[in-house]
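Participant: Before anything else, here's the structure in question.
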Protein chains: 2
Amino acid sequence: MKKIVMAMLSLAVSAVSFAQENNYPADTKPASTNIVGQDYPRVDSQRRVYFRFRASGAQTVSVGLGNTPLTKGEDGFWTGVTKPEDPGFHYYTLKIDGVEVADPSSESFFGAGKMMSGMEIPEDGVDFYNIKNVPHGTVNSFWYFAKSTGEYRHAYIYTPPGYDQNTKQRYPVLYLQHGMGEDRRAWSTQGRANFILDNLIAEGKAKPMIIVMEDGGIAAGMGGGPRRPAGPRPQGQPGAPQGQAPRSPMGAPAGMVSFWDGFGKVMIADLIPTIDANYRTLSDREHRAIAGLSLGGTQTYGISQANLDKFSHIGIFSAPFGFPGVETGYNGLLQKPAEFAKLVKVFFVSMGSKEGPNSGRAIHEALDKAGVKNVYYEAPGTAHEFQTWRKSLYGYAQLLFQDK
Amino acid sequence: MKKIVMAMLSLAVSAVSFAQENNYPADTKPASTNIVGQDYPRVDSQRRVYFRFRASGAQTVSVGLGNTPLTKGEDGFWTGVTKPEDPGFHYYTLKIDGVEVADPSSESFFGAGKMMSGMEIPEDGVDFYNIKNVPHGTVNSFWYFAKSTGEYRHAYIYTPPGYDQNTKQRYPVLYLQHGMGEDRRAWSTQGRANFILDNLIAEGKAKPMIIVMEDGGIAAGMGGGPRRPAGPRPQGQPGAPQGQAPRSPMGAPAGMVSFWDGFGKVMIADLIPTIDANYRTLSDREHRAIAGLSLGGTQTYGISQANLDKFSHIGIFSAPFGFPGVETGYNGLLQKPAEFAKLVKVFFVSMGSKEGPNSGRAIHEALDKAGVKNVYYEAPGTAHEFQTWRKSLYGYAQLLFQDK
C-alpha cells in the first residue's frame, strides 16, 4: 500500500510542477481526441497542432501529421508544430527512431489495419457531428454467429432515440461500411455517425433509422488472402488516388473482388436476417439502404449491384474503384434510367474537393450524361478523410426513406 | 489509383515472402488480443509469449510483460520470449529506446491512464468468459447529460439476452466499476463481463440483469485534482500492495476521498435516475447491486456505505483500500450483524491468491470475526489482475437478486 500512496503523492507533486513550468502556446487547447487529462497535443485557431512528447532516449522523433519533425529540448521533451491542418479527424502516428507507434497521449482508433492515434481539428461554425443537448440513440456492441462462415461476428448497431420506448415502432435500416484498414468501430468513433443522426433526427431532417456497422473484411484482407494487415497506409490527408476509373469487371483489379465478395455473402446470408430477427426493422427493400466510404464504397457498388432486390438507397462516398460503368452497370439498368430510378430511390455520390475526380465527380458526370438520376455532393476543402464522409452521411441521411 | 494498386501488389508479395521465411515457434498460436491477421505476439501451451517486432532503427527494445528484453536480429526484427505468464488478461507496453508505447500488433485497451496493449493468455479448462453459442446480450454505448456536473457523460450498458424482445419485463441492475487508470470500457473488453453474464444466464445460474459501467473518474484523477493521467503504473501482474488496511475515516488516505466522492455524487444524482428513466429497470434498492475492482472496490465501499438506501448487494474485488472497519463501518451496522444482513443481502469480498491479504482475505476474516455475514472468494494462482476479477464477477453474479 505504501507504494501506491507514494506513487500518488509523487503524481500530485509532478503534476503541480508540470503546471508551473509549462507555458502553453498562446491560443491553443488540448485536442478533443487526447486521453482525458492530457495537455498535449494542442490545437490553435489556425488549426496547427503542437506536440510535446517525452522521449529522453530517442534519437529522432517525428509526427505523421504533415511529416512534422520534432526537436529535442534539454529537458528530454520533443516539441514541434504542424502546418495548418484540414478540419476534421486525421489518423496519425509517432515515429520514434524509425518505428511507427501510436501516441500515448491520444486515444487510439482502428485504421490502417492497426491502432492509430487520432487528431480532431475543429471546423469553424460546423457542429453537426458534435454531441448536443438532444435525445440520443445508443450504439450497441452486437455479437452473432454467422452460419455461412461458421464464425462469431461483431457489429455495432445504432438505434435511434426512442427505440427502447416505442416498442411497437419499426425502423428502416442503413448498412454503413468503413474503409480499407478500418472496421466496425470507424463510423461511430472517427465518423460520429451516431451524433450526426441524433442531431438530424432532433431537427426533423432525417427519419429515425437503425444503422448497422459491420466489419467489411478489409481491415486486414479477407476472403482467402493472407490474414495480415495491409502494410503501410497513407495517413493524415493523403488525397485521393488519381487516374482512370477501370470499367471491367466490377470496375476494380481482379484481386480486389474478394474484398467485397466475402463480406457481401455474409451480409446477405447472415447479417441482414440476423438484424431483422433481433431489431425492430422494416425488412422490405424499400426500407433498406446501403452506403460506404472509400473501399467500403467499392463494396457498396458490388453488393448493391448484385442485390438490387435488397436495397433501394445507395450511397458511395469517395470510392475511386468499383463503379461498374453506365454501359453494363447494375445489370444494364443504368441504360434504362427510368427503370433504375424506380428501383433506386436515391443514388448518392460524394467526395472531398481535394480528391481526384474519379473519387466521385467523374462518376456523377457519367451518370448525368447517361440520364441516370443521382445526387452529387462535394465537401469543400477536404480530401479523402472523415470530414468528407461525415458531411456525406449528413447529406445522404436526409434523403433516406423520405418517400414513404 | 496506380499508387493504390502498386501498394496492394507489393503487399501481396511481401505477405507471401514473409510466410515463406517464417518458421513459427512450435506449439504457438497468435494471441487472441492481436490485431486481426497479426501473427505475433504468439503464446505457447506453457503460457510463454513470443515477440517478433520490426524496429530496424531502435537501439533497445523490451516488453513490459515480465520486463523481457528483446534481441535484435540481422533482419531488423527484435525477438524474445517471456517466462510463463499467469492466465488471463495482462496489460503491457513496448519500450523502444526508453519510450513506452503500445504494441502496433496488439489491440489497445484503456488502462494505466492511456491506451495499453493487451495480452490474453488462455487458462486450461476455463472458458466461462469466452463467447459461446448461447443467446447474447448487447453492450450499449450510452451518452447522457449530467445536470449535477453540467457535462455529457458516457456509460456502457449491458442489456441481457431477450431485453429487446421482452418489452414488458423489467430487470435488476448491477453498477460495476473499473479500477484506477481504467474507464467504462474495461469491464466489457478486458473483463468480458458481457460474455460472463451471457453464459451464466444461459445456464440458469444468474438472473438476467442490466449492468451499468461508467467512468469512475479514476482514469486521470477527478474531483478537483489536476486532470492528468496518474503517472507510471504497474503493468503485467504487479501483485497487490501490502501493508495495514487503514481504518479511518472511510479507510483511505484523505486525498483519495475525492476519487469516489465525485463519482458517487454523479452516480446518485444523475446516473441512477437516468438509467431508471431510459432502461426497463426494477428501481428499488432490493434490485440494485454495486461492485468494483481495486480502486473501484474502494469506491464501492464509499458509495455503498453512504447510500445503503440505494443498494442491497455489495461486491468488493481486490480492494486494499476503503474498508471502513467493523467498529464504525456502514454507520455502525457492522456491529449489528443481523440488521446489516437484513439490509445487505450479499456482501462479497474477493482477491487473487497472489495478492496480499489486505486485498480481501483480511477483510473477510475481520467480518467473520465480527459475525458479519459475507461471501469470500479467492482466485487460485492469480494476482491483482483481470483473471481474478472475471472469476470474482462470475461468482458474485450468481448470488445477485436470488431471494426474490
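Note on naming: chains are A, B, ... as they come in the C-alpha cells, residues start from 1 per chain, ligands start from 1 in the order shown.
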From a DSSP pass on the backbone, collect the residues of region 22-245 of chain A flagged as alpha helix (DSSP H) and hand them back as an MDAnalysis selection string.
Facilitator: chainID A and resid 193:202
Participant: Once you have the residues from the selection above, write them out as a tab-separated table (two decimals), in the first residue's frame, restricted to all heavy atoms.
Facilitator:
```tsv
chain	number	residue	atom	x	y	z
A	193	ALA	N	-21.13	8.94	-36.54
A	193	ALA	CA	-22.42	8.67	-37.19
A	193	ALA	C	-23.59	8.81	-36.22
A	193	ALA	O	-24.65	9.31	-36.58
A	193	ALA	CB	-22.41	7.27	-37.80
A	194	ASN	N	-23.39	8.39	-34.97
A	194	ASN	CA	-24.49	8.44	-34.01
A	194	ASN	C	-24.89	9.88	-33.68
A	194	ASN	O	-26.07	10.21	-33.66
A	194	ASN	CB	-24.13	7.66	-32.73
A	194	ASN	CG	-22.77	8.05	-32.15
A	194	ASN	OD1	-21.84	8.36	-32.90
A	194	ASN	ND2	-22.64	8.02	-30.84
A	195	PHE	N	-23.90	10.74	-33.47
A	195	PHE	CA	-24.25	12.14	-33.17
A	195	PHE	C	-24.85	12.82	-34.40
A	195	PHE	O	-25.77	13.64	-34.27
A	195	PHE	CB	-23.03	12.90	-32.67
A	195	PHE	CG	-22.47	12.40	-31.37
A	195	PHE	CD1	-21.11	12.41	-31.12
A	195	PHE	CD2	-23.32	11.91	-30.38
A	195	PHE	CE1	-20.59	11.94	-29.91
A	195	PHE	CE2	-22.81	11.44	-29.16
A	195	PHE	CZ	-21.45	11.46	-28.94
A	196	ILE	N	-24.34	12.50	-35.57
A	196	ILE	CA	-24.90	13.08	-36.80
A	196	ILE	C	-26.38	12.75	-36.92
A	196	ILE	O	-27.22	13.62	-37.17
A	196	ILE	CB	-24.12	12.59	-38.04
A	196	ILE	CG1	-22.68	13.13	-38.02
A	196	ILE	CG2	-24.82	12.99	-39.34
A	196	ILE	CD1	-21.76	12.54	-39.08
A	197	LEU	N	-26.72	11.48	-36.68
A	197	LEU	CA	-28.13	11.09	-36.78
A	197	LEU	C	-28.96	11.64	-35.63
A	197	LEU	O	-30.09	12.10	-35.85
A	197	LEU	CB	-28.24	9.55	-36.85
A	197	LEU	CG	-28.32	8.97	-38.26
A	197	LEU	CD1	-29.66	9.29	-38.92
A	197	LEU	CD2	-27.18	9.44	-39.16
A	198	ASP	N	-28.42	11.60	-34.41
A	198	ASP	CA	-29.15	12.20	-33.27
A	198	ASP	C	-29.57	13.63	-33.62
A	198	ASP	O	-30.73	14.02	-33.40
A	198	ASP	CB	-28.26	12.26	-32.02
A	198	ASP	CG	-28.02	10.91	-31.37
A	198	ASP	OD1	-28.69	9.93	-31.72
A	198	ASP	OD2	-27.13	10.85	-30.50
A	199	ASN	N	-28.61	14.41	-34.13
A	199	ASN	CA	-28.88	15.82	-34.41
A	199	ASN	C	-29.87	15.99	-35.56
A	199	ASN	O	-30.78	16.83	-35.49
A	199	ASN	CB	-27.56	16.56	-34.71
A	199	ASN	CG	-26.65	16.62	-33.49
A	199	ASN	OD1	-27.13	16.59	-32.36
A	199	ASN	ND2	-25.35	16.70	-33.72
A	200	LEU	N	-29.69	15.22	-36.63
A	200	LEU	CA	-30.62	15.31	-37.76
A	200	LEU	C	-32.04	14.91	-37.35
A	200	LEU	O	-33.02	15.56	-37.74
A	200	LEU	CB	-30.15	14.40	-38.90
A	200	LEU	CG	-28.98	14.89	-39.75
A	200	LEU	CD1	-28.54	13.81	-40.74
A	200	LEU	CD2	-29.35	16.17	-40.50
A	201	ILE	N	-32.15	13.86	-36.57
A	201	ILE	CA	-33.47	13.38	-36.15
A	201	ILE	C	-34.13	14.43	-35.26
A	201	ILE	O	-35.32	14.72	-35.38
A	201	ILE	CB	-33.35	12.01	-35.44
A	201	ILE	CG1	-32.93	10.94	-36.46
A	201	ILE	CG2	-34.66	11.63	-34.75
A	201	ILE	CD1	-32.49	9.62	-35.84
A	202	ALA	N	-33.35	15.03	-34.36
A	202	ALA	CA	-33.90	16.06	-33.47
A	202	ALA	C	-34.44	17.25	-34.25
A	202	ALA	O	-35.43	17.86	-33.86
A	202	ALA	CB	-32.83	16.52	-32.48
```
Participant: Just want the 10 Å neighbourhood of Met213 (chain A), counted on only C-alpha atoms, with same-chain residues fewer than 6 positions away dropped. Output as a CSV table (one decimal) with N, CA, C and O atoms, in the first residue's frame.
Facilitator:
```csv
chain,number,residue,atom,x,y,z
A,139,VAL,N,-25.3,3.1,-29.4
A,139,VAL,CA,-24.6,2.3,-30.3
A,139,VAL,C,-24.4,0.9,-29.6
A,139,VAL,O,-23.7,0.9,-28.5
A,140,ASN,N,-24.9,-0.1,-30.1
A,140,ASN,CA,-24.9,-1.4,-29.4
A,140,ASN,C,-23.7,-2.3,-30.0
A,140,ASN,O,-23.6,-2.4,-31.2
A,141,SER,N,-22.9,-2.8,-29.1
A,141,SER,CA,-21.9,-3.8,-29.5
A,141,SER,C,-22.6,-5.2,-29.6
A,141,SER,O,-23.1,-5.7,-28.6
A,142,PHE,N,-22.8,-5.7,-30.8
A,142,PHE,CA,-23.7,-6.8,-31.0
A,142,PHE,C,-22.9,-8.0,-31.6
A,142,PHE,O,-22.3,-7.8,-32.6
A,154,HIS,N,-19.0,-9.5,-35.1
A,154,HIS,CA,-19.2,-8.4,-34.2
A,154,HIS,C,-19.6,-7.2,-35.0
A,154,HIS,O,-18.9,-6.8,-35.9
A,155,ALA,N,-20.8,-6.7,-34.7
A,155,ALA,CA,-21.3,-5.5,-35.4
A,155,ALA,C,-21.6,-4.4,-34.4
A,155,ALA,O,-21.8,-4.7,-33.2
A,156,TYR,N,-21.6,-3.1,-34.8
A,156,TYR,CA,-22.0,-2.0,-34.0
A,156,TYR,C,-23.4,-1.6,-34.6
A,156,TYR,O,-23.4,-1.4,-35.8
A,157,ILE,N,-24.4,-1.4,-33.8
A,157,ILE,CA,-25.7,-1.1,-34.2
A,157,ILE,C,-26.2,0.2,-33.6
A,157,ILE,O,-26.3,0.3,-32.4
A,158,TYR,N,-26.4,1.2,-34.4
A,158,TYR,CA,-27.1,2.4,-33.9
A,158,TYR,C,-28.6,2.2,-33.8
A,158,TYR,O,-29.2,1.9,-34.9
A,174,LEU,N,-30.0,1.4,-42.4
A,174,LEU,CA,-28.9,1.8,-43.2
A,174,LEU,C,-27.7,0.9,-42.9
A,174,LEU,O,-27.3,0.9,-41.7
A,175,TYR,N,-27.2,0.2,-43.9
A,175,TYR,CA,-26.0,-0.6,-43.7
A,175,TYR,C,-24.8,0.3,-44.2
A,175,TYR,O,-24.8,0.7,-45.3
A,176,LEU,N,-23.9,0.6,-43.2
A,176,LEU,CA,-22.9,1.7,-43.4
A,176,LEU,C,-21.5,1.1,-43.3
A,176,LEU,O,-21.1,0.6,-42.2
A,177,GLN,N,-20.7,1.2,-44.4
A,177,GLN,CA,-19.4,0.5,-44.4
A,177,GLN,C,-18.3,1.5,-44.2
A,177,GLN,O,-18.2,2.5,-44.9
A,178,HIS,N,-17.3,1.0,-43.5
A,178,HIS,CA,-16.0,1.7,-43.3
A,178,HIS,C,-15.1,1.5,-44.5
A,178,HIS,O,-15.4,0.8,-45.5
A,183,ASP,N,-12.6,-0.9,-39.4
A,183,ASP,CA,-13.6,-2.0,-39.1
A,183,ASP,C,-14.8,-1.3,-38.5
A,183,ASP,O,-15.1,-0.1,-38.6
A,184,ARG,N,-15.7,-2.1,-37.9
A,184,ARG,CA,-17.0,-1.7,-37.4
A,184,ARG,C,-16.9,-0.5,-36.5
A,184,ARG,O,-17.9,0.2,-36.3
A,185,ARG,N,-15.8,-0.2,-35.9
A,185,ARG,CA,-15.7,0.9,-35.0
A,185,ARG,C,-15.6,2.3,-35.6
A,185,ARG,O,-15.9,3.3,-35.0
A,186,ALA,N,-15.2,2.3,-36.9
A,186,ALA,CA,-14.8,3.6,-37.6
A,186,ALA,C,-16.0,4.6,-37.6
A,186,ALA,O,-15.8,5.8,-37.3
A,187,TRP,N,-17.2,4.2,-38.0
A,187,TRP,CA,-18.2,5.2,-38.3
A,187,TRP,C,-18.7,5.8,-37.0
A,187,TRP,O,-19.2,7.0,-37.0
A,188,SER,N,-18.7,5.1,-35.9
A,188,SER,CA,-19.3,5.7,-34.7
A,188,SER,C,-18.2,6.5,-33.8
A,188,SER,O,-18.6,7.3,-33.0
A,193,ALA,N,-21.1,8.9,-36.5
A,193,ALA,CA,-22.4,8.7,-37.2
A,193,ALA,C,-23.6,8.8,-36.2
A,193,ALA,O,-24.7,9.3,-36.6
A,292,GLY,N,-21.1,3.3,-48.2
A,292,GLY,CA,-19.8,3.0,-47.7
A,292,GLY,C,-18.8,4.1,-48.2
A,292,GLY,O,-19.0,4.8,-49.1
```
Participant: Please list as a ChimeraX atom specification every residue within 10 Å of Gln46 (chain B), counting only C-alpha atoms and excluding residues in the same chain fewer than 3 positions away.
Facilitator: /B:27-28,43,49,83-86,121
Participant: Which is closer to chain A than all the others in B:Gly80, B:Pro208, B:Pro104, B:Pro87, using only C-alpha atoms?
Facilitator: B:Pro104
Participant: Give the answer as one residue: which of A:Leu70, A:Ala26, A:Ala338, A:Ala319 has the shortest atom-to-atom distance to chain B, using only C-alpha atoms?
Facilitator: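 Answer, going by the shortest atom-to-atom distance: A:Ala319.
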Participant: Using only C-alpha atoms, which residue out of A:Pro160, A:Gly98, A:Gly150, A:Gly88 lies closest to Ala58 (chain B)?
Facilitator: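 Using only C-alpha atoms, the shortest distance to Ala58 (chain B) belongs to A:Gly98.
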Participant: In Å to one decimal, how far is CA of Lys147 (chain B) from CA of Glu203 (chain A)?
Facilitator: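 Interatomic distance, CA of Glu203 (chain A) to CA of Lys147 (chain B): 22.7 Å.
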Participant: Ranking A:Val212, A:Lys391, A:Phe145, A:Ser312 by minimum distance to Val126 (chain A) and counting only C-alpha atoms, which one comes first?
Facilitator: A:Lys391
